[in-house]
$ cat run-v7.cif   # mmCIF, C-alpha atoms
data_final
loop_
_atom_site.group_PDB
_atom_site.id
_atom_site.type_symbol
_atom_site.label_atom_id
_atom_site.label_comp_id
_atom_site.auth_asym_id
_atom_site.auth_seq_id
_atom_site.Cartn_x
_atom_site.Cartn_y
_atom_site.Cartn_z
ATOM 1 C CA MET A 277 14.427 49.108 -29.706
ATOM 2 C CA ILE A 278 12.968 50.044 -26.316
ATOM 3 C CA ILE A 279 9.865 52.228 -26.001
ATOM 4 C CA ALA A 280 8.768 53.794 -22.720
ATOM 5 C CA GLN A 281 5.078 54.623 -22.396
ATOM 6 C CA ILE A 282 3.701 57.221 -20.010
ATOM 7 C CA SER A 283 0.096 58.376 -19.821
ATOM 8 C CA ASP A 284 -2.453 60.425 -17.937
ATOM 9 C CA THR A 285 -0.020 62.641 -16.088
ATOM 10 C CA HIS A 286 -2.724 65.306 -15.501
ATOM 11 C CA ILE A 287 -0.177 68.010 -14.679
ATOM 12 C CA LEU A 288 -1.477 71.198 -13.042
ATOM 13 C CA ALA A 289 -0.043 74.709 -13.124
ATOM 14 C CA LYS A 290 2.802 75.506 -10.741
ATOM 15 C CA SER A 291 0.548 78.118 -9.131
ATOM 16 C CA SER A 292 -2.379 75.722 -8.706
ATOM 17 C CA ALA A 293 -3.928 75.336 -5.252
ATOM 18 C CA HIS A 294 -5.074 71.813 -6.135
ATOM 19 C CA ALA A 295 -4.078 69.375 -3.387
ATOM 20 C CA MET A 296 -2.447 67.009 -5.868
ATOM 21 C CA ALA A 297 -0.565 69.579 -7.980
ATOM 22 C CA ALA A 298 2.839 69.006 -6.401
ATOM 23 C CA SER A 299 2.534 65.226 -6.164
ATOM 24 C CA ARG A 300 1.528 64.806 -9.815
ATOM 25 C CA ALA A 301 4.513 66.857 -10.915
ATOM 26 C CA GLU A 302 6.762 64.759 -8.688
ATOM 27 C CA ASN A 303 5.268 61.506 -10.034
ATOM 28 C CA LEU A 304 6.229 62.573 -13.548
ATOM 29 C CA ARG A 305 9.684 63.824 -12.520
ATOM 30 C CA GLN A 306 10.459 60.468 -10.944
ATOM 31 C CA CYS A 307 9.356 58.629 -14.075
ATOM 32 C CA VAL A 308 11.472 60.903 -16.275
ATOM 33 C CA ALA A 309 14.551 60.299 -14.129
ATOM 34 C CA ASP A 310 14.010 56.547 -14.165
ATOM 35 C CA ILE A 311 13.354 56.430 -17.914
ATOM 36 C CA ASN A 312 16.689 58.170 -18.436
ATOM 37 C CA ARG A 313 18.390 55.270 -16.658
ATOM 38 C CA GLN A 314 16.823 52.576 -18.853
ATOM 39 C CA GLY A 315 18.477 53.338 -22.190
ATOM 40 C CA VAL A 316 15.176 53.746 -24.021
ATOM 41 C CA ASP A 317 15.045 54.823 -27.649
ATOM 42 C CA VAL A 318 11.753 56.725 -27.558
ATOM 43 C CA VAL A 319 9.048 57.766 -25.119
ATOM 44 C CA VAL A 320 5.366 57.912 -26.069
ATOM 45 C CA HIS A 321 2.779 59.794 -24.016
ATOM 46 C CA THR A 322 -0.740 58.496 -24.622
ATOM 47 C CA GLY A 323 -2.672 61.583 -23.608
ATOM 48 C CA ASP A 324 -4.208 63.630 -20.804
ATOM 49 C CA SER A 325 -0.847 65.245 -20.294
ATOM 50 C CA VAL A 326 -2.415 68.087 -18.283
ATOM 51 C CA GLN A 327 -5.584 68.556 -16.252
ATOM 52 C CA ASP A 328 -7.462 71.455 -17.848
ATOM 53 C CA GLY A 329 -5.662 72.167 -21.122
ATOM 54 C CA ILE A 330 -4.435 75.638 -20.162
ATOM 55 C CA ALA A 331 -1.165 77.335 -21.069
ATOM 56 C CA GLU A 332 0.202 77.399 -17.508
ATOM 57 C CA GLU A 333 -0.189 73.640 -17.212
ATOM 58 C CA TYR A 334 1.558 73.007 -20.517
ATOM 59 C CA ALA A 335 4.412 75.291 -19.464
ATOM 60 C CA HIS A 336 4.850 73.218 -16.297
ATOM 61 C CA LEU A 337 4.650 69.985 -18.306
ATOM 62 C CA ARG A 338 7.203 71.212 -20.819
ATOM 63 C CA GLY A 339 9.661 72.046 -18.061
ATOM 64 C CA ILE A 340 9.443 68.576 -16.540
ATOM 65 C CA LEU A 341 9.627 66.732 -19.854
ATOM 66 C CA ALA A 342 12.649 68.792 -20.922
ATOM 67 C CA ASP A 343 14.787 66.486 -18.781
ATOM 68 C CA LEU A 344 13.971 63.445 -20.921
ATOM 69 C CA GLU A 345 17.035 62.265 -22.822
ATOM 70 C CA ALA A 346 15.109 60.184 -25.382
ATOM 71 C CA PRO A 347 12.780 61.717 -27.992
ATOM 72 C CA LEU A 348 9.204 62.173 -26.780
ATOM 73 C CA PHE A 349 6.134 61.649 -28.964
ATOM 74 C CA LEU A 350 2.852 62.862 -27.515
ATOM 75 C CA ILE A 351 -0.812 62.671 -28.478
ATOM 76 C CA PRO A 352 -3.783 64.516 -26.959
ATOM 77 C CA GLY A 353 -6.288 63.097 -24.510
ATOM 78 C CA ASN A 354 -9.724 64.428 -23.679
ATOM 79 C CA ARG A 355 -8.243 66.733 -20.998
ATOM 80 C CA ASP A 356 -5.873 68.295 -23.534
ATOM 81 C CA ARG A 357 -6.697 71.195 -25.846
ATOM 82 C CA HIS A 358 -5.304 71.108 -29.366
ATOM 83 C CA ASP A 359 -4.600 74.825 -29.694
ATOM 84 C CA ALA A 360 -2.917 75.189 -26.304
ATOM 85 C CA LEU A 361 -0.921 72.000 -26.800
ATOM 86 C CA ARG A 362 0.300 73.103 -30.216
ATOM 87 C CA SER A 363 1.274 76.531 -28.915
ATOM 88 C CA ALA A 364 3.083 75.341 -25.799
ATOM 89 C CA LEU A 365 4.827 72.380 -27.400
ATOM 90 C CA ASP A 366 5.706 73.947 -30.731
ATOM 91 C CA HIS A 367 9.306 72.751 -30.316
ATOM 92 C CA PHE A 368 8.053 69.254 -31.165
ATOM 93 C CA SER A 369 8.425 69.466 -34.934
ATOM 94 C CA TYR A 370 6.416 66.295 -35.518
ATOM 95 C CA LEU A 371 3.179 67.886 -34.234
ATOM 96 C CA PRO A 372 0.984 69.205 -37.072
ATOM 97 C CA MET A 373 0.628 72.937 -36.537
ATOM 98 C CA ASN A 374 -2.648 73.128 -38.445
ATOM 99 C CA GLY A 375 -5.519 70.883 -39.426
ATOM 100 C CA ASP A 376 -8.255 69.313 -37.342
ATOM 101 C CA PHE A 377 -6.322 66.311 -36.050
ATOM 102 C CA LEU A 378 -2.995 65.677 -34.356
ATOM 103 C CA HIS A 379 -2.145 62.564 -36.362
ATOM 104 C CA TYR A 380 1.460 61.953 -37.395
ATOM 105 C CA VAL A 381 3.933 59.227 -38.359
ATOM 106 C CA ILE A 382 7.486 58.683 -37.099
ATOM 107 C CA GLU A 383 9.646 56.826 -39.627
ATOM 108 C CA ASP A 384 13.046 57.000 -37.905
ATOM 109 C CA TYR A 385 13.065 53.664 -36.061
ATOM 110 C CA PRO A 386 12.880 49.927 -36.814
ATOM 111 C CA MET A 387 9.233 50.055 -35.741
ATOM 112 C CA ARG A 388 7.015 52.580 -37.467
ATOM 113 C CA LEU A 389 5.153 54.776 -34.969
ATOM 114 C CA VAL A 390 1.690 56.035 -35.925
ATOM 115 C CA ALA A 391 -0.003 58.547 -33.614
ATOM 116 C CA LEU A 392 -3.805 58.729 -33.742
ATOM 117 C CA ASP A 393 -5.967 61.555 -32.437
ATOM 118 C CA SER A 394 -9.223 60.260 -30.913
ATOM 119 C CA VAL A 395 -10.218 63.584 -29.329
ATOM 120 C CA VAL A 396 -12.937 66.143 -29.991
ATOM 121 C CA THR A 397 -12.721 69.210 -27.759
ATOM 122 C CA GLY A 398 -15.328 69.106 -25.016
ATOM 123 C CA GLU A 399 -16.106 65.422 -25.550
ATOM 124 C CA ARG A 400 -14.967 62.885 -22.962
ATOM 125 C CA LYS A 401 -15.607 59.879 -25.177
ATOM 126 C CA GLY A 402 -13.414 58.815 -28.056
ATOM 127 C CA VAL A 403 -14.126 59.685 -31.678
ATOM 128 C CA PHE A 404 -12.717 58.124 -34.840
ATOM 129 C CA CYS A 405 -14.652 59.584 -37.736
ATOM 130 C CA ALA A 406 -14.484 58.612 -41.409
ATOM 131 C CA ARG A 407 -11.805 61.246 -42.136
ATOM 132 C CA ARG A 408 -9.547 59.873 -39.409
ATOM 133 C CA LEU A 409 -10.121 56.333 -40.597
ATOM 134 C CA ALA A 410 -9.272 57.272 -44.193
ATOM 135 C CA TRP A 411 -6.022 58.885 -43.017
ATOM 136 C CA LEU A 412 -5.076 55.737 -41.111
ATOM 137 C CA GLU A 413 -5.916 53.415 -44.008
ATOM 138 C CA GLU A 414 -3.785 55.495 -46.368
ATOM 139 C CA THR A 415 -0.921 55.661 -43.875
ATOM 140 C CA LEU A 416 -0.883 51.909 -43.266
ATOM 141 C CA SER A 417 -1.140 51.151 -46.985
ATOM 142 C CA GLN A 418 2.100 53.057 -47.605
ATOM 143 C CA GLU A 419 4.202 50.530 -45.616
ATOM 144 C CA PRO A 420 2.360 47.184 -45.629
ATOM 145 C CA HIS A 421 5.365 45.095 -44.589
ATOM 146 C CA ARG A 422 6.905 47.296 -41.916
ATOM 147 C CA PRO A 423 6.178 46.492 -38.246
ATOM 148 C CA THR A 424 3.949 49.246 -36.920
ATOM 149 C CA LEU A 425 2.912 50.507 -33.501
ATOM 150 C CA LEU A 426 -0.235 52.599 -33.086
ATOM 151 C CA PHE A 427 -0.831 54.842 -30.096
ATOM 152 C CA MET A 428 -3.945 56.798 -29.146
ATOM 153 C CA HIS A 429 -5.704 57.980 -26.000
ATOM 154 C CA HIS A 430 -9.100 56.256 -25.972
ATOM 155 C CA PRO A 431 -9.174 52.440 -26.077
ATOM 156 C CA PRO A 432 -11.548 51.525 -28.941
ATOM 157 C CA PHE A 433 -12.861 48.447 -27.115
ATOM 158 C CA ASP A 434 -14.811 47.644 -23.971
ATOM 159 C CA ILE A 435 -13.145 46.444 -20.768
ATOM 160 C CA GLU A 436 -16.132 45.124 -18.878
ATOM 161 C CA PRO A 437 -17.387 46.155 -16.412
ATOM 162 C CA HIS A 438 -14.968 49.034 -15.877
ATOM 163 C CA TYR A 439 -14.956 50.746 -19.278
ATOM 164 C CA VAL A 440 -17.932 50.246 -21.583
ATOM 165 C CA GLY A 441 -19.116 52.428 -24.452
ATOM 166 C CA GLY A 442 -16.004 54.557 -24.468
ATOM 167 C CA TYR A 443 -16.635 55.875 -27.991
ATOM 168 C CA ARG A 444 -19.315 58.364 -28.944
ATOM 169 C CA ASN A 445 -20.273 56.103 -31.829
ATOM 170 C CA GLN A 446 -19.615 52.394 -31.370
ATOM 171 C CA GLN A 447 -19.617 51.843 -35.127
ATOM 172 C CA GLU A 448 -16.542 54.070 -35.413
ATOM 173 C CA ALA A 449 -14.691 51.822 -32.971
ATOM 174 C CA ASN A 450 -15.870 48.757 -34.895
ATOM 175 C CA ASP A 451 -14.684 50.254 -38.188
ATOM 176 C CA LEU A 452 -11.292 50.994 -36.663
ATOM 177 C CA ALA A 453 -10.910 47.384 -35.514
ATOM 178 C CA ALA A 454 -11.890 46.157 -38.972
ATOM 179 C CA ALA A 455 -9.303 48.437 -40.578
ATOM 180 C CA ILE A 456 -6.549 47.165 -38.298
ATOM 181 C CA SER A 457 -7.476 43.573 -39.104
ATOM 182 C CA ARG A 458 -6.719 44.310 -42.771
ATOM 183 C CA HIS A 459 -3.166 45.433 -41.959
ATOM 184 C CA SER A 460 -1.162 42.621 -40.417
ATOM 185 C CA GLN A 461 1.913 44.824 -39.929
ATOM 186 C CA VAL A 462 0.200 46.456 -36.931
ATOM 187 C CA LYS A 463 1.706 44.708 -33.916
ATOM 188 C CA ARG A 464 0.341 46.688 -30.991
ATOM 189 C CA LEU A 465 -2.016 49.483 -29.990
ATOM 190 C CA LEU A 466 -1.019 51.528 -26.927
ATOM 191 C CA CYS A 467 -3.734 53.503 -25.110
ATOM 192 C CA GLY A 468 -4.313 55.507 -21.961
ATOM 193 C CA HIS A 469 -7.509 57.071 -20.583
ATOM 194 C CA VAL A 470 -8.762 54.282 -18.311
ATOM 195 C CA HIS A 471 -6.035 54.670 -15.638
ATOM 196 C CA PHE A 472 -5.537 50.920 -15.181
ATOM 197 C CA MET A 473 -3.643 48.071 -16.814
ATOM 198 C CA HIS A 474 -5.303 45.903 -19.429
ATOM 199 C CA ARG A 475 -3.982 43.700 -22.233
ATOM 200 C CA ALA A 476 -6.103 41.920 -24.810
ATOM 201 C CA PRO A 477 -6.199 40.920 -28.478
ATOM 202 C CA TRP A 478 -7.925 43.486 -30.660
ATOM 203 C CA GLY A 479 -8.336 43.898 -34.405
ATOM 204 C CA GLY A 480 -5.845 41.125 -35.101
ATOM 205 C CA ALA A 481 -3.183 42.867 -33.002
ATOM 206 C CA GLU A 482 -2.662 43.283 -29.254
ATOM 207 C CA ALA A 483 -3.894 46.269 -27.284
ATOM 208 C CA THR A 484 -2.507 47.642 -24.028
ATOM 209 C CA THR A 485 -3.761 50.264 -21.599
ATOM 210 C CA MET A 486 -1.785 51.481 -18.611
ATOM 211 C CA PRO A 487 -2.291 52.992 -15.151
ATOM 212 C CA SER A 488 -2.084 56.748 -14.857
ATOM 213 C CA VAL A 489 1.293 58.210 -13.977
ATOM 214 C CA ALA A 490 -0.696 60.484 -11.647
ATOM 215 C CA VAL A 491 -0.851 58.118 -8.671
ATOM 216 C CA ASP A 492 -3.891 59.794 -7.093
ATOM 217 C CA LEU A 493 -5.974 59.002 -10.193
ATOM 218 C CA ARG A 494 -4.878 55.395 -10.595
ATOM 219 C CA LYS A 495 -7.684 52.825 -10.539
ATOM 220 C CA THR A 496 -7.287 49.573 -8.645
ATOM 221 C CA VAL A 497 -8.751 47.355 -11.340
ATOM 222 C CA GLY A 498 -7.216 45.346 -14.130
ATOM 223 C CA GLU A 499 -3.779 43.835 -13.657
ATOM 224 C CA VAL A 500 -2.965 43.647 -9.958
ATOM 225 C CA ILE A 501 -0.214 45.871 -8.567
ATOM 226 C CA ASP A 502 1.468 44.762 -5.350
ATOM 227 C CA GLU A 503 0.237 46.732 -2.339
ATOM 228 C CA ALA A 504 3.790 47.652 -1.392
ATOM 229 C CA ILE A 505 4.219 49.642 -4.592
ATOM 230 C CA GLU A 506 0.688 50.757 -5.411
ATOM 231 C CA GLU A 507 1.498 54.340 -4.391
ATOM 232 C CA ALA A 508 4.678 54.489 -6.486
ATOM 233 C CA PRO A 509 4.882 56.128 -9.920
ATOM 234 C CA LEU A 510 5.087 53.665 -12.780
ATOM 235 C CA TYR A 511 5.275 53.440 -16.550
ATOM 236 C CA LEU A 512 5.558 50.720 -19.190
ATOM 237 C CA LEU A 513 8.590 49.490 -21.110
ATOM 238 C CA HIS A 514 8.000 47.841 -24.486
ATOM 239 C CA VAL A 515 10.938 45.947 -25.997
ATOM 240 C CA VAL A 516 10.697 45.423 -29.750
ATOM 241 C CA SER A 517 11.954 42.053 -30.991
ATOM 242 C CA ASN A 518 13.564 41.439 -34.370
ATOM 243 C CA ASP A 519 10.253 40.218 -35.789
ATOM 244 C CA GLY A 520 8.478 43.392 -34.674
ATOM 245 C CA SER A 521 6.644 41.841 -31.751
ATOM 246 C CA LEU A 522 6.680 43.612 -28.388
ATOM 247 C CA VAL A 523 7.436 42.291 -24.929
ATOM 248 C CA SER A 524 6.064 44.638 -22.280
ATOM 249 C CA ARG A 525 6.629 45.068 -18.577
ATOM 250 C CA THR A 526 5.652 47.480 -15.864
ATOM 251 C CA ARG A 527 8.453 49.608 -14.489
ATOM 252 C CA VAL A 528 7.769 50.765 -10.927
ATOM 253 C CA VAL A 529 9.772 53.740 -9.660
ATOM 254 C CA THR A 530 10.566 52.940 -6.043
ATOM 255 C CA HIS A 531 13.325 55.428 -5.324
#
$ encode --input "run-v7.cif" --output "structure tokens"
Amino acid sequence: MIIAQISDTHILAKSSAHAMAASRAENLRQCVADINRQGVDVVVHTGDSVQDGIAEEYAHLRGILADLEAPLFLIPGNRDRHDALRSALDHFSYLPMNGDFLHYVIEDYPMRLVALDSVVTGERKGVFCARRLAWLEETLSQEPHRPTLLFMHHPPFDIEPHYVGGYRNQQEANDLAAAISRHSQVKRLLCGHVHFMHRAPWGGAEATTMPSVAVDLRKTVGEVIDEAIEEAPLYLLHVVSNDGSLVSRTRVVTH
């Protein structure tokens, strides 16, 4: 099983006068075209799909993502808006159309995919309240022996000195890590938000963040990207082994 991860595309409306509107759309188009050549099984988008959470941006996003040949599974980031996302992307049947959170589970693949919503509208920092934690605990308890991948927008850990205190309540992040440590089937956590590459052990599993697909927002910290390709769109490929472990690599789109 091969999973492509994209994140932080920050798409703007087609009519936007923003200087980066056209280039961000082109960054995503190039990634979509390249993903289609890799034979991936699924694509996950770890949030901040658009810039301001408005309908025109989601319409533009939907048009670009329509060219993906593999199924796409998306979660919100702090730039997204739940109501606008649900309305614009209602063709994604996996998205809950009501309720406070956009959590869901995908059971159709060798690796179980669990999407976690760490967003509160108007709040930049991550949130993982007791209700969200209870949902996750129940979900993981249903399949204790099945390799599982979690994906969410906000990394629930510090990456010093670049990303510290990323959750509104640090105890919520601590409780999430403790919950993951009780469920050994969780193999990896995929995150976005920070706009740079980072890999580290967390909660008994491994956690990964990635650079933003929007090249103009990419941060030059974390894992080094060669200068010759630092302005190229990129995404991550995660190959799932028979034992459920993941081998990951950066895919740079150079043409």
$ resolve_selection --input "run-v7.cif" --expression "the PyMOL selection byres ((chain A and resi 296) around 10)" --output "VMD selection string"
chain A and resid 286 to 288 292 to 295 297 to 302 490 to 493
$ write_last_selection --input "run-v7.cif" --atoms "C-alpha atoms" --output "PDB file, in the coordinates of the input"
ATOM      1  CA  HIS A 286      -2.724  65.306 -15.501  1.00  0.00           C
ATOM      2  CA  ILE A 287      -0.177  68.010 -14.679  1.00  0.00           C
ATOM      3  CA  LEU A 288      -1.477  71.198 -13.042  1.00  0.00           C
ATOM      4  CA  SER A 292      -2.379  75.722  -8.706  1.00  0.00           C
ATOM      5  CA  ALA A 293      -3.928  75.336  -5.252  1.00  0.00           C
ATOM      6  CA  HIS A 294      -5.074  71.813  -6.135  1.00  0.00           C
ATOM      7  CA  ALA A 295      -4.078  69.375  -3.387  1.00  0.00           C
ATOM      8  CA  ALA A 297      -0.565  69.579  -7.980  1.00  0.00           C
ATOM      9  CA  ALA A 298       2.839  69.006  -6.401  1.00  0.00           C
ATOM     10  CA  SER A 299       2.534  65.226  -6.164  1.00  0.00           C
ATOM     11  CA  ARG A 300       1.528  64.806  -9.815  1.00  0.00           C
ATOM     12  CA  ALA A 301       4.513  66.857 -10.915  1.00  0.00           C
ATOM     13  CA  GLU A 302       6.762  64.759  -8.688  1.00  0.00           C
ATOM     14  CA  ALA A 490      -0.696  60.484 -11.647  1.00  0.00           C
ATOM     15  CA  VAL A 491      -0.851  58.118  -8.671  1.00  0.00           C
ATOM     16  CA  ASP A 492      -3.891  59.794  -7.093  1.00  0.00           C
ATOM     17  CA  LEU A 493      -5.974  59.002 -10.193  1.00  0.00           C
TER      18      LEU A 493
END
$ resolve_selection --input "run-v7.cif" --expression "the PyMOL selection byres ((chain A and resi 518-530) around 8)" --output "mmCIF file with C-alpha atoms, keeping the file's coordinate frame"
data_model
loop_
_atom_site.group_PDB
_atom_site.id
_atom_site.type_symbol
_atom_site.label_atom_id
_atom_site.label_comp_id
_atom_site.auth_asym_id
_atom_site.auth_seq_id
_atom_site.Cartn_x
_atom_site.Cartn_y
_atom_site.Cartn_z
ATOM 1 C CA GLN A 306 10.459 60.468 -10.944
ATOM 2 C CA CYS A 307 9.356 58.629 -14.075
ATOM 3 C CA ASP A 310 14.010 56.547 -14.165
ATOM 4 C CA MET A 387 9.233 50.055 -35.741
ATOM 5 C CA PRO A 423 6.178 46.492 -38.246
ATOM 6 C CA THR A 424 3.949 49.246 -36.920
ATOM 7 C CA LYS A 463 1.706 44.708 -33.916
ATOM 8 C CA ARG A 464 0.341 46.688 -30.991
ATOM 9 C CA ILE A 505 4.219 49.642 -4.592
ATOM 10 C CA ALA A 508 4.678 54.489 -6.486
ATOM 11 C CA PRO A 509 4.882 56.128 -9.920
ATOM 12 C CA LEU A 510 5.087 53.665 -12.780
ATOM 13 C CA TYR A 511 5.275 53.440 -16.550
ATOM 14 C CA LEU A 512 5.558 50.720 -19.190
ATOM 15 C CA LEU A 513 8.590 49.490 -21.110
ATOM 16 C CA HIS A 514 8.000 47.841 -24.486
ATOM 17 C CA VAL A 515 10.938 45.947 -25.997
ATOM 18 C CA VAL A 516 10.697 45.423 -29.750
ATOM 19 C CA SER A 517 11.954 42.053 -30.991
ATOM 20 C CA HIS A 531 13.325 55.428 -5.324
#
$ closest_residue --input "run-v7.cif" --among "A:Ala455, A:Lys495, A:Arg362, A:Ala476" --to "Ile330 in chain A" --atoms "only C-alpha atoms"
A:Arg362
$ atom_distance --input "run-v7.cif" --atom1 "CA of Ile340 in chain A" --atom2 "CA of Phe377 in chain A"
25.2 Å
$ atom_distance --input "run-v7.cif" --atom1 "CA of Tyr370 in chain A" --atom2 "CA of Arg444 in chain A"
27.7 Å
